[in-house]
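Dropping input.cif in here (mmCIF, C-alpha atoms):
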data_input
loop_
_atom_site.label_atom_id
_atom_site.label_comp_id
_atom_site.auth_asym_id
_atom_site.auth_seq_id
_atom_site.Cartn_x
_atom_site.Cartn_y
_atom_site.Cartn_z
CA MET A 28 70.79 -10.46 2.56
CA GLU A 29 68.61 -13.23 1.14
CA GLU A 30 66.27 -13.40 4.15
CA LEU A 31 65.41 -9.69 3.83
CA LYS A 32 63.94 -9.94 0.33
CA LEU A 33 60.40 -8.61 0.01
CA GLU A 34 59.00 -11.86 -1.37
CA ASN A 35 60.43 -13.75 1.60
CA ILE A 36 58.45 -11.84 4.20
CA TYR A 37 55.32 -12.24 2.08
CA LYS A 38 55.99 -15.99 2.14
CA GLU A 39 56.34 -15.86 5.94
CA MET A 40 52.96 -14.10 6.00
CA GLY A 41 51.31 -16.94 4.06
CA ILE A 42 51.49 -15.66 0.47
CA SER A 43 52.64 -18.31 -2.02
CA ASP A 44 55.19 -17.62 -4.75
CA LYS A 45 52.57 -17.76 -7.50
CA VAL A 46 50.19 -15.36 -5.72
CA TYR A 47 53.05 -12.96 -5.00
CA ALA A 48 54.24 -13.05 -8.61
CA PHE A 49 50.69 -12.51 -9.86
CA GLY A 50 50.35 -9.43 -7.64
CA ALA A 51 53.78 -8.03 -8.50
CA ALA A 52 53.12 -8.21 -12.24
CA THR A 53 49.78 -6.44 -11.81
CA GLU A 54 51.25 -3.73 -9.59
CA GLU A 55 53.94 -2.96 -12.14
CA GLN A 56 51.27 -2.31 -14.78
CA LEU A 57 49.56 0.23 -12.50
CA ALA A 58 52.56 2.51 -11.84
CA GLU A 59 51.41 5.40 -14.03
CA ARG A 60 47.88 5.29 -12.66
CA PHE A 61 49.15 5.28 -9.08
CA LYS A 62 51.26 8.36 -9.86
CA LYS A 63 48.10 10.27 -10.85
CA ILE A 64 46.40 9.22 -7.61
CA ASP A 65 49.38 10.60 -5.67
CA GLU A 66 49.06 13.90 -7.54
CA THR A 67 45.39 14.18 -6.54
CA ALA A 68 46.35 13.36 -2.95
CA GLU A 69 48.97 16.13 -3.03
CA TYR A 70 46.37 18.63 -4.29
CA ASN A 71 43.88 17.61 -1.59
CA GLN A 72 46.55 17.59 1.10
CA LEU A 73 47.34 21.22 0.33
CA LYS A 74 43.61 22.05 0.22
CA VAL A 75 43.17 20.67 3.75
CA LEU A 76 46.29 22.41 5.01
CA LYS A 77 45.15 25.71 3.51
CA ALA A 78 41.78 25.41 5.27
CA MET A 79 43.46 24.72 8.61
CA GLN A 80 45.84 27.65 8.25
CA GLU A 81 43.19 30.10 7.08
CA ASN A 82 40.95 29.22 10.02
CA LYS A 83 43.84 29.60 12.48
CA VAL A 84 43.84 26.12 13.99
CA SER A 85 45.79 26.42 17.23
CA GLU A 86 46.99 24.09 19.96
CA ALA A 87 44.01 25.19 22.04
CA CYS A 88 41.71 23.72 19.35
CA LEU A 89 42.94 20.21 20.18
CA LEU A 90 41.93 20.24 23.85
CA GLY A 91 38.15 19.91 23.84
CA THR A 92 35.39 20.36 26.41
CA THR A 93 32.99 18.44 28.64
CA GLY A 94 29.47 19.11 29.89
CA TYR A 95 27.45 21.47 27.73
CA GLY A 96 30.43 22.33 25.55
CA TYR A 97 29.72 26.05 25.44
CA ASN A 98 32.35 28.09 23.58
CA ASP A 99 34.27 25.03 22.40
CA ILE A 100 36.87 26.76 20.21
CA GLY A 101 38.18 23.48 18.77
CA ARG A 102 34.74 22.22 17.76
CA ASP A 103 33.70 25.53 16.23
CA THR A 104 36.99 25.96 14.36
CA LEU A 105 36.85 22.41 13.01
CA GLU A 106 33.42 23.14 11.57
CA LYS A 107 34.85 26.24 9.87
CA VAL A 108 37.66 24.09 8.44
CA TYR A 109 35.13 21.61 6.98
CA ALA A 110 33.12 24.48 5.51
CA SER A 111 36.29 25.82 3.89
CA ILE A 112 37.26 22.44 2.41
CA PHE A 113 33.79 21.83 0.99
CA HIS A 114 33.29 25.51 0.02
CA THR A 115 30.03 25.75 1.97
CA GLU A 116 28.38 28.32 4.22
CA ASP A 117 28.47 26.12 7.31
CA ALA A 118 29.19 22.64 8.65
CA LEU A 119 28.21 20.39 11.53
CA VAL A 120 30.99 17.99 12.63
CA ARG A 121 30.21 16.15 15.84
CA PRO A 122 31.08 13.00 17.79
CA GLN A 123 27.39 12.90 18.76
CA ILE A 124 26.67 11.84 15.15
CA THR A 125 27.22 8.13 15.54
CA CYS A 126 27.66 6.90 11.95
CA GLY A 127 26.97 7.65 8.29
CA THR A 128 23.37 6.42 8.49
CA HIS A 129 22.77 8.66 11.50
CA ALA A 130 24.25 11.66 9.64
CA LEU A 131 22.00 11.02 6.64
CA ALA A 132 18.92 10.46 8.80
CA LEU A 133 19.69 13.68 10.68
CA ALA A 134 20.03 15.67 7.45
CA LEU A 135 16.77 14.25 6.09
CA MET A 136 14.66 14.48 9.24
CA SER A 137 15.76 18.03 9.99
CA ASN A 138 15.08 19.41 6.52
CA LEU A 139 11.82 17.61 5.71
CA ARG A 140 8.40 18.26 7.21
CA PRO A 141 5.09 16.34 7.15
CA GLY A 142 3.58 16.55 3.69
CA ASP A 143 6.97 16.89 1.96
CA GLU A 144 8.26 14.35 -0.51
CA LEU A 145 11.77 12.89 -0.79
CA LEU A 146 13.04 11.85 -4.22
CA SER A 147 15.94 9.53 -5.05
CA PRO A 148 16.76 9.90 -8.77
CA VAL A 149 19.56 7.32 -8.61
CA GLY A 150 17.65 4.20 -7.60
CA LYS A 151 17.43 2.44 -4.28
CA PRO A 152 19.45 3.97 -1.44
CA TYR A 153 21.80 2.02 0.81
CA ASP A 154 20.12 -0.74 2.80
CA THR A 155 20.20 0.98 6.20
CA LEU A 156 18.35 4.00 4.78
CA GLU A 157 15.37 1.87 3.82
CA GLU A 158 14.15 1.91 7.41
CA VAL A 159 14.99 5.60 7.81
CA ILE A 160 12.79 6.42 4.81
CA GLY A 161 10.11 3.81 5.55
CA ILE A 162 10.64 1.62 2.48
CA ARG A 163 10.89 -1.10 5.13
CA GLU A 164 8.62 -0.40 8.09
CA SER A 165 10.44 0.93 11.14
CA LYS A 166 9.66 3.06 14.17
CA GLY A 167 10.48 6.73 13.68
CA SER A 168 10.79 6.54 9.89
CA LEU A 169 10.09 9.49 7.61
CA LYS A 170 6.98 7.64 6.47
CA GLU A 171 5.63 7.66 10.05
CA TYR A 172 5.92 11.45 10.01
CA GLY A 173 3.92 11.80 6.81
CA ILE A 174 6.88 12.29 4.47
CA SER A 175 6.42 10.45 1.19
CA TYR A 176 9.10 8.95 -1.02
CA LYS A 177 9.63 8.52 -4.75
CA GLN A 178 12.39 6.72 -6.56
CA VAL A 179 13.58 6.78 -10.17
CA ASP A 180 15.89 3.94 -11.08
CA LEU A 181 18.95 4.38 -13.23
CA LEU A 182 18.66 3.16 -16.81
CA PRO A 183 20.18 -0.27 -17.62
CA ASP A 184 23.40 1.39 -18.85
CA GLY A 185 23.77 3.28 -15.56
CA SER A 186 22.70 6.67 -16.93
CA PHE A 187 20.09 8.94 -15.38
CA ASP A 188 16.47 8.53 -16.46
CA TYR A 189 15.94 12.24 -17.04
CA GLU A 190 12.45 11.81 -18.52
CA ASN A 191 11.09 10.05 -15.44
CA ILE A 192 13.03 12.29 -13.04
CA LYS A 193 11.23 15.26 -14.59
CA LYS A 194 7.88 13.48 -14.16
CA ALA A 195 8.68 12.60 -10.53
CA LEU A 196 9.45 16.19 -9.50
CA ASN A 197 6.30 17.89 -8.20
CA ASP A 198 5.09 20.59 -5.79
CA LYS A 199 5.65 18.31 -2.80
CA THR A 200 9.27 17.46 -3.69
CA LYS A 201 11.30 19.19 -0.97
CA LEU A 202 14.57 17.26 -1.02
CA VAL A 203 16.46 15.14 -3.55
CA THR A 204 18.94 12.60 -2.19
CA ILE A 205 21.81 11.48 -4.42
CA GLN A 206 23.94 8.57 -3.28
CA ARG A 207 27.43 8.93 -4.72
CA SER A 208 28.67 5.43 -3.94
CA LYS A 209 27.10 2.18 -5.07
CA GLY A 210 26.13 0.69 -1.69
CA TYR A 211 25.20 -2.99 -1.99
CA GLN A 212 24.54 -2.63 -5.69
CA THR A 213 26.67 -3.13 -8.75
CA ARG A 214 25.81 0.17 -10.40
CA PRO A 215 28.48 2.72 -11.30
CA THR A 216 29.64 5.14 -8.63
CA LEU A 217 28.76 8.70 -9.60
CA SER A 218 31.53 11.14 -10.46
CA VAL A 219 31.30 14.68 -9.10
CA ALA A 220 30.84 15.90 -12.67
CA ARG A 221 27.84 13.57 -13.24
CA ILE A 222 26.35 14.61 -9.91
CA GLY A 223 26.70 18.24 -11.03
CA GLU A 224 24.88 17.50 -14.30
CA LEU A 225 22.02 15.84 -12.40
CA ILE A 226 21.74 18.71 -9.91
CA HIS A 227 21.72 21.27 -12.74
CA PHE A 228 18.90 19.36 -14.48
CA ILE A 229 16.84 19.17 -11.27
CA LYS A 230 17.38 22.83 -10.34
CA GLU A 231 16.33 23.96 -13.81
CA ILE A 232 12.96 22.33 -13.15
CA LYS A 233 12.62 23.12 -9.43
CA PRO A 234 15.15 25.74 -8.26
CA ASP A 235 14.09 25.68 -4.59
CA VAL A 236 14.54 21.93 -4.06
CA ILE A 237 17.31 20.87 -1.65
CA CYS A 238 19.88 18.61 -3.30
CA MET A 239 21.68 16.43 -0.76
CA VAL A 240 24.58 14.11 -1.62
CA ASP A 241 25.47 11.04 0.40
CA ASN A 242 29.23 11.55 0.10
CA CYS A 243 30.29 8.40 2.00
CA TYR A 244 33.46 6.81 0.58
CA GLY A 245 33.92 9.64 -1.92
CA GLU A 246 35.71 12.40 -0.03
CA PHE A 247 39.15 13.34 -1.44
CA VAL A 248 38.98 10.80 -4.27
CA GLU A 249 38.66 13.71 -6.71
CA ARG A 250 39.93 17.28 -6.47
CA ILE A 251 36.40 18.70 -6.15
CA GLU A 252 33.42 17.72 -4.02
CA PRO A 253 29.66 17.71 -4.79
CA THR A 254 29.21 21.11 -3.12
CA ASP A 255 31.51 22.55 -5.81
CA VAL A 256 28.92 21.57 -8.45
CA GLY A 257 25.71 22.74 -6.81
CA ALA A 258 24.87 20.35 -3.95
CA ASP A 259 23.12 22.10 -1.06
CA MET A 260 24.38 19.53 1.45
CA VAL A 261 27.02 16.81 1.58
CA VAL A 262 26.87 14.21 4.31
CA GLY A 263 29.39 11.64 5.48
CA SER A 264 30.96 9.59 8.24
CA LEU A 265 34.23 10.28 10.04
CA ILE A 266 35.08 6.58 10.30
CA LYS A 267 35.30 6.62 6.53
CA ASN A 268 37.52 8.87 4.39
CA PRO A 269 37.58 12.23 6.23
CA GLY A 270 38.52 10.71 9.59
CA GLY A 271 41.78 9.42 8.15
CA GLY A 272 41.61 6.29 10.31
CA LEU A 273 42.05 8.27 13.53
CA ALA A 274 38.54 9.58 14.24
CA PRO A 275 36.92 7.11 16.69
CA ILE A 276 33.35 8.17 15.86
CA GLY A 277 31.47 11.03 14.24
CA GLY A 278 29.81 12.38 11.14
CA TYR A 279 29.51 15.62 9.24
CA ILE A 280 26.97 17.69 7.33
CA ALA A 281 28.30 20.58 5.26
CA GLY A 282 26.22 22.92 3.14
CA LYS A 283 23.84 25.87 3.10
CA LYS A 284 23.59 27.62 6.46
CA GLU A 285 19.87 26.95 6.86
CA CYS A 286 20.24 23.24 6.11
CA VAL A 287 23.07 22.88 8.63
CA GLU A 288 21.23 24.90 11.29
CA ASN A 289 18.17 22.69 10.87
CA ALA A 290 20.37 19.63 11.41
CA ALA A 291 21.97 21.17 14.50
CA TYR A 292 18.60 21.93 16.10
CA ARG A 293 17.51 18.36 15.41
CA LEU A 294 20.75 16.88 16.78
CA THR A 295 20.58 18.81 20.06
CA SER A 296 17.40 20.78 20.76
CA PRO A 297 15.37 23.70 19.43
CA GLY A 298 16.91 26.83 20.89
CA LEU A 299 20.30 25.20 21.46
CA GLY A 300 21.52 24.03 18.06
CA LYS A 301 25.29 24.26 17.50
CA GLU A 302 25.94 26.06 20.79
CA VAL A 303 26.08 22.83 22.81
CA GLY A 304 27.76 19.49 22.35
CA ALA A 305 31.00 18.76 24.17
CA SER A 306 33.89 17.41 22.08
CA LEU A 307 34.91 14.94 24.82
CA GLY A 308 38.62 14.64 24.01
CA VAL A 309 38.27 13.56 20.37
CA LEU A 310 39.26 16.81 18.66
CA SER A 311 42.92 15.94 18.27
CA SER A 312 41.93 12.76 16.42
CA PHE A 313 39.40 14.67 14.30
CA TYR A 314 41.95 17.27 13.24
CA GLN A 315 44.85 14.91 12.67
CA GLY A 316 42.63 12.38 10.91
CA LEU A 317 41.36 15.10 8.56
CA PHE A 318 44.95 16.19 7.91
CA LEU A 319 45.91 12.62 6.95
CA ALA A 320 42.70 11.89 5.03
CA PRO A 321 43.91 12.77 1.50
CA THR A 322 46.88 10.38 1.67
CA VAL A 323 44.92 7.65 3.47
CA THR A 324 42.17 7.90 0.84
CA ALA A 325 44.81 7.61 -1.89
CA ALA A 326 46.14 4.41 -0.29
CA ALA A 327 42.64 2.93 -0.18
CA LEU A 328 42.03 3.96 -3.78
CA LYS A 329 45.20 2.19 -4.93
CA GLY A 330 44.03 -0.93 -3.09
CA ALA A 331 40.65 -0.82 -4.85
CA ILE A 332 42.26 -0.50 -8.28
CA PHE A 333 44.73 -3.28 -7.49
CA ALA A 334 41.85 -5.54 -6.43
CA ALA A 335 39.86 -4.75 -9.58
CA ASN A 336 42.76 -5.62 -11.86
CA LEU A 337 43.64 -8.84 -10.02
CA TYR A 338 40.09 -10.18 -9.91
CA GLU A 339 39.33 -9.16 -13.47
CA LYS A 340 42.32 -11.22 -14.58
CA LEU A 341 40.95 -14.10 -12.54
CA GLY A 342 37.75 -14.00 -14.60
CA PHE A 343 35.32 -12.31 -12.21
CA LYS A 344 33.09 -9.34 -12.93
CA VAL A 345 34.35 -6.30 -11.05
CA VAL A 346 32.63 -2.92 -10.58
CA PRO A 347 34.26 -0.58 -11.45
CA ASN A 348 36.37 -2.53 -13.91
CA GLY A 349 40.14 -2.41 -13.97
CA THR A 350 40.44 0.65 -16.20
CA GLU A 351 37.43 2.83 -15.30
CA SER A 352 37.85 6.20 -13.61
CA ARG A 353 37.31 6.12 -9.85
CA HIS A 354 34.96 8.20 -7.76
CA ASP A 355 34.94 6.32 -4.44
CA ILE A 356 37.12 3.79 -2.62
CA ILE A 357 34.78 0.79 -2.91
CA GLN A 358 35.52 -2.19 -5.13
CA ALA A 359 32.80 -4.72 -5.85
CA VAL A 360 33.58 -8.27 -7.02
CA GLU A 361 30.73 -10.48 -8.18
CA PHE A 362 31.38 -14.13 -7.36
CA GLN A 363 27.93 -15.70 -7.98
CA ASN A 364 29.02 -18.01 -5.18
CA GLU A 365 28.33 -17.74 -1.43
CA LYS A 366 31.47 -19.64 -0.46
CA ALA A 367 33.69 -17.26 -2.45
CA VAL A 368 32.26 -14.22 -0.61
CA ILE A 369 32.99 -15.88 2.72
CA GLU A 370 36.54 -16.93 1.74
CA PHE A 371 37.30 -13.41 0.47
CA CYS A 372 36.21 -11.94 3.80
CA LYS A 373 38.26 -14.54 5.68
CA GLY A 374 41.30 -13.39 3.72
CA ILE A 375 40.74 -9.74 4.65
CA GLN A 376 40.28 -10.63 8.31
CA ALA A 377 43.44 -12.75 8.29
CA ALA A 378 45.35 -9.73 6.95
CA ALA A 379 44.22 -7.43 9.76
CA PRO A 380 46.47 -5.95 12.48
CA VAL A 381 43.68 -6.50 15.05
CA ASP A 382 41.73 -9.77 15.45
CA SER A 383 43.55 -11.46 12.57
CA PHE A 384 42.86 -14.81 14.26
CA VAL A 385 39.07 -14.31 14.16
CA VAL A 386 37.00 -16.04 11.45
CA PRO A 387 34.12 -13.85 10.14
CA GLU A 388 30.70 -15.45 9.64
CA PRO A 389 27.45 -14.16 8.09
CA TRP A 390 24.85 -12.93 10.57
CA ALA A 391 21.57 -11.00 10.74
CA MET A 392 22.85 -7.45 11.19
CA PRO A 393 20.42 -4.69 12.25
CA GLY A 394 19.21 -2.60 9.31
CA TYR A 395 19.74 -5.24 6.59
CA ASP A 396 17.24 -7.56 4.89
CA SER A 397 19.60 -10.56 4.59
CA ASP A 398 22.52 -12.05 6.46
CA VAL A 399 25.67 -9.98 6.00
CA ILE A 400 29.31 -10.96 6.42
CA MET A 401 31.79 -8.31 7.51
CA ALA A 402 35.56 -8.52 7.87
CA ALA A 403 37.32 -5.68 9.68
CA GLY A 404 40.19 -6.17 12.09
CA ALA A 405 40.29 -2.45 12.73
CA PHE A 406 41.74 -0.07 15.33
CA VAL A 407 38.37 1.74 15.27
CA SER A 408 35.45 -0.69 15.38
CA GLY A 409 33.60 -0.72 12.06
CA SER A 410 35.92 1.83 10.44
CA SER A 411 35.65 1.27 6.71
CA ILE A 412 38.56 3.53 5.78
CA GLU A 413 40.57 0.74 7.38
CA LEU A 414 41.04 -2.51 5.45
CA SER A 415 37.62 -4.13 5.39
CA ALA A 416 35.18 -6.11 3.28
CA ASP A 417 31.54 -7.02 3.53
CA GLY A 418 28.63 -8.26 1.52
CA PRO A 419 25.04 -9.49 1.78
CA ILE A 420 24.60 -13.23 1.45
CA LYS A 421 22.24 -13.08 -1.52
CA PRO A 422 22.60 -13.07 -5.33
CA PRO A 423 24.70 -11.98 -7.14
CA TYR A 424 26.94 -12.83 -4.15
CA ALA A 425 29.08 -9.73 -4.50
CA VAL A 426 31.68 -8.67 -1.98
CA TYR A 427 32.51 -5.02 -1.36
CA PHE A 428 36.12 -4.24 -0.48
CA GLN A 429 37.30 -0.88 0.80
CA GLY A 430 39.92 0.84 2.87
CA GLY A 431 43.52 0.40 3.84
CA LEU A 432 45.31 3.04 5.90
CA THR A 433 48.42 2.35 3.85
CA TRP A 434 48.79 1.07 0.29
CA GLN A 435 51.12 -1.68 1.51
CA HIS A 436 48.48 -3.04 3.88
CA ALA A 437 45.74 -2.84 1.24
CA LYS A 438 47.99 -4.76 -1.16
CA PHE A 439 48.68 -7.48 1.39
CA GLY A 440 44.98 -7.81 2.20
CA ILE A 441 44.05 -8.34 -1.43
CA LEU A 442 46.83 -10.89 -1.94
CA LYS A 443 45.56 -12.69 1.16
CA THR A 444 42.06 -12.94 -0.35
CA VAL A 445 43.50 -14.45 -3.53
CA GLN A 446 45.46 -16.92 -1.39
CA PHE A 447 42.34 -17.99 0.52
CA LEU A 448 40.30 -18.43 -2.66
CA ASP A 449 43.11 -20.40 -4.27
CA GLU A 450 43.51 -22.70 -1.29
CA SER A 451 39.73 -23.28 -1.24
CA GLY A 452 39.82 -24.46 -4.85
CA ILE A 453 37.57 -21.65 -6.05
CA LEU A 454 40.08 -20.22 -8.52
CA SER A 455 40.60 -23.56 -10.25
CA ASP A 456 43.37 -23.07 -12.83
CA ASN A 457 42.79 -19.33 -13.30
CA LEU A 458 45.80 -18.26 -11.27
#
Would you mind giving the structure from this file in structure tokens?
Amino acid sequence: MEELKLENIYKEMGISDKVYAFGAATEEQLAERFKKIDETAEYNQLKVLKAMQENKVSEACLLGTTGYGYNDIGRDTLEKVYASIFHTEDALVRPQITCGTHALALALMSNLRPGDELLSPVGKPYDTLEEVIGIRESKGSLKEYGISYKQVDLLPDGSFDYENIKKALNDKTKLVTIQRSKGYQTRPTLSVARIGELIHFIKEIKPDVICMVDNCYGEFVERIEPTDVGADMVVGSLIKNPGGGLAPIGGYIAGKKECVENAAYRLTSPGLGKEVGASLGVLSSFYQGLFLAPTVTAAALKGAIFAANLYEKLGFKVVPNGTESRHDIIQAVEFQNEKAVIEFCKGIQAAAPVDSFVVPEPWAMPGYDSDVIMAAGAFVSGSSIELSADGPIKPPYAVYFQGGLTWQHAKFGILKTVQFLDESGILSDNL
């Protein structure tokens, strides 16, 4: 039947014939690459399933506790599952960890002491960590507690500055933080293999230093994780990849037993640690979200690659580019134009299942040094494994796109952004 053709429903949803045709031609060229992503998802799906089976996840694990949360079998088993997936000694997976920034702050504050020094050998960390560290003054920062900070920027070609990293390491260096994803920068995302090379270099110089990886947006993109190549801790958010779109809150820290114990005592209280912390009815979502995470991450990854190829053809700089290997789900597009960032985000919002009628606007968000625009009509507020986009309103006026619980939704969202930019006259005759 004519009215049931795929292009017809896209037209009903506001996608013009030329935008649809542009997207269809690009998608066809990506078939072989998408097949490889599906193979990685299959590997990771079986890895997650194996961890759940080996740790004897039962129906009782899904029920949860209230109050103190003593003897919460579901919480404790879930942490064993995470430790199995990441091949670590222990893990802390809690709804009391409110977000990725909180998880990172917890890992840092619990494993650093006054007089210690923190080193970032990969340049400036994500904006919200600036106040955690004390790069920007803030109450309760590491700086306030007498913990110093050093930073070694990446070289212009994106490679590690090994010479200056070696110089920066000293007797006070207690912890090295390595951010896998790009944050609000247009540097390359780090592959697990490159992270392993960096950790090996650092450990050769200072074997006792703790190497922590900010794993946000990177989980399940590859078949191995940073803890498989020497990281002492990996840290992330459950409203990103590992929550699979179902986790309503939460974060995780997986790694060496001592590092995780330190974090647990900081999260709750000295003397209590992991023994307390009720799961409050979220365990079913945590387990099922983790189970779905490999395929959800694959869908988001396809959306990122689709976006890169479309916008590269439209003449914009994209990071990573259309053919580069992928190590997280984030796609950056540099517009050099404030209006284009805003129109892109309007397109993502208009494609959402929730609040599609809302128009996003830049505003002064807590933790950032400029106005930021965010588009996310999500089932879980702020969930960036769901279709979302954001960017600081400052040069080079780049937008950061991520997420999509299904490939089909990610595809529609990207086509919607192209439609908005075209209708605003920004694309000129490029389309």
- Pull out every residue that the PyMOL selection byres ((chain A and resi 382) around 10) matches in the shown coordinates and put them as a list in words.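 So the PyMOL selection byres ((chain A and resi 382) around 10) ends up selecting Gln376, Ala377, Ala378, Ala379, Pro380, Val381, Ser383, Phe384, Val385, Val386, Ala402, Ala403, Gly404, Ala405 and Phe406 of chain A.
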Return as a JSON list (two decimals) with C-alpha atoms, keeping the file's coordinate frame the set of residues that the PyMOL selection byres ((chain A and resi 93) around 10) yields on the displayed structure.
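Written file, out00.json:
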[["chain", "number", "residue", "atom", "x", "y", "z"],
["A", 91, "GLY", "CA", 38.15, 19.91, 23.84],
["A", 92, "THR", "CA", 35.39, 20.36, 26.41],
["A", 94, "GLY", "CA", 29.47, 19.11, 29.89],
["A", 95, "TYR", "CA", 27.45, 21.47, 27.73],
["A", 96, "GLY", "CA", 30.43, 22.33, 25.55],
["A", 97, "TYR", "CA", 29.72, 26.05, 25.44],
["A", 99, "ASP", "CA", 34.27, 25.03, 22.40],
["A", 304, "GLY", "CA", 27.76, 19.49, 22.35],
["A", 305, "ALA", "CA", 31.00, 18.76, 24.17],
["A", 306, "SER", "CA", 33.89, 17.41, 22.08],
["A", 307, "LEU", "CA", 34.91, 14.94, 24.82],
["A", 308, "GLY", "CA", 38.62, 14.64, 24.01]]
- Item | Shell of 8 Å around segment 387-393 of chain A, all atoms listed in the file, local chain residues under 6 positions omitted, as a ChimeraX atom specification | /A:369,372-373,376,399-402,420
- Item | the PyMOL selection byres ((chain A and resi 54-57) around 12) applied to the shown file, residues as number ranges by chain | A: 47-53, 58-64, 329-337, 349-350, 434-435, 438-439, 441-442
- Item | Point-to-point distance from atom CA of Val120 of chain A to atom CA of Leu265 of chain A, Å rounded to tenths | 8.8 Å
- Pick from A:Gly270, A:Pro183, A:Pro321, A:Pro423 nearest to Ala68 of chain A, counting only C-alpha atoms: A:Pro321
- Residues at most 12 Å from Ala118 of chain A, counting only C-alpha atoms, excluding those fewer than 4 positions away in the same chain, as a ChimeraX atom specification? /A:102-114,134,254,259-263,278-291,301
Residues near Ser147 of chain A, anyone? I mean within 7 Å using all atoms listed in the file, not counting same-chain ones fewer than 6 positions away, as a PDB file with C-alpha atoms, in the frame of the given file.
ATOM      1  CA  LYS A 177       9.630   8.520  -4.750  1.00  0.00           C
ATOM      2  CA  GLN A 178      12.390   6.720  -6.560  1.00  0.00           C
ATOM      3  CA  VAL A 179      13.580   6.780 -10.170  1.00  0.00           C
ATOM      4  CA  VAL A 203      16.460  15.140  -3.550  1.00  0.00           C
ATOM      5  CA  THR A 204      18.940  12.600  -2.190  1.00  0.00           C
ATOM      6  CA  ILE A 205      21.810  11.480  -4.420  1.00  0.00           C
TER       7      ILE A 205
END
- For atom CA of Val407 of chain A and atom CA of Ile276 of chain A, determine how far apart the two atoms are, in Å to one decimal place. 8.2 Å
- Which is closest to Pro215 of chain A among A:Ala195, A:Leu448, A:Leu182, A:Leu294, if we use only C-alpha atoms?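 Going through A:Ala195, A:Leu448, A:Leu182, A:Leu294 one by one, the smallest distance to Pro215 of chain A is for A:Leu182.
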- Query: So how many Å separate atom CA of Ala258 of chain A and atom CA of Ile222 of chain A, to one decimal?
  - Reply: 8.4 Å
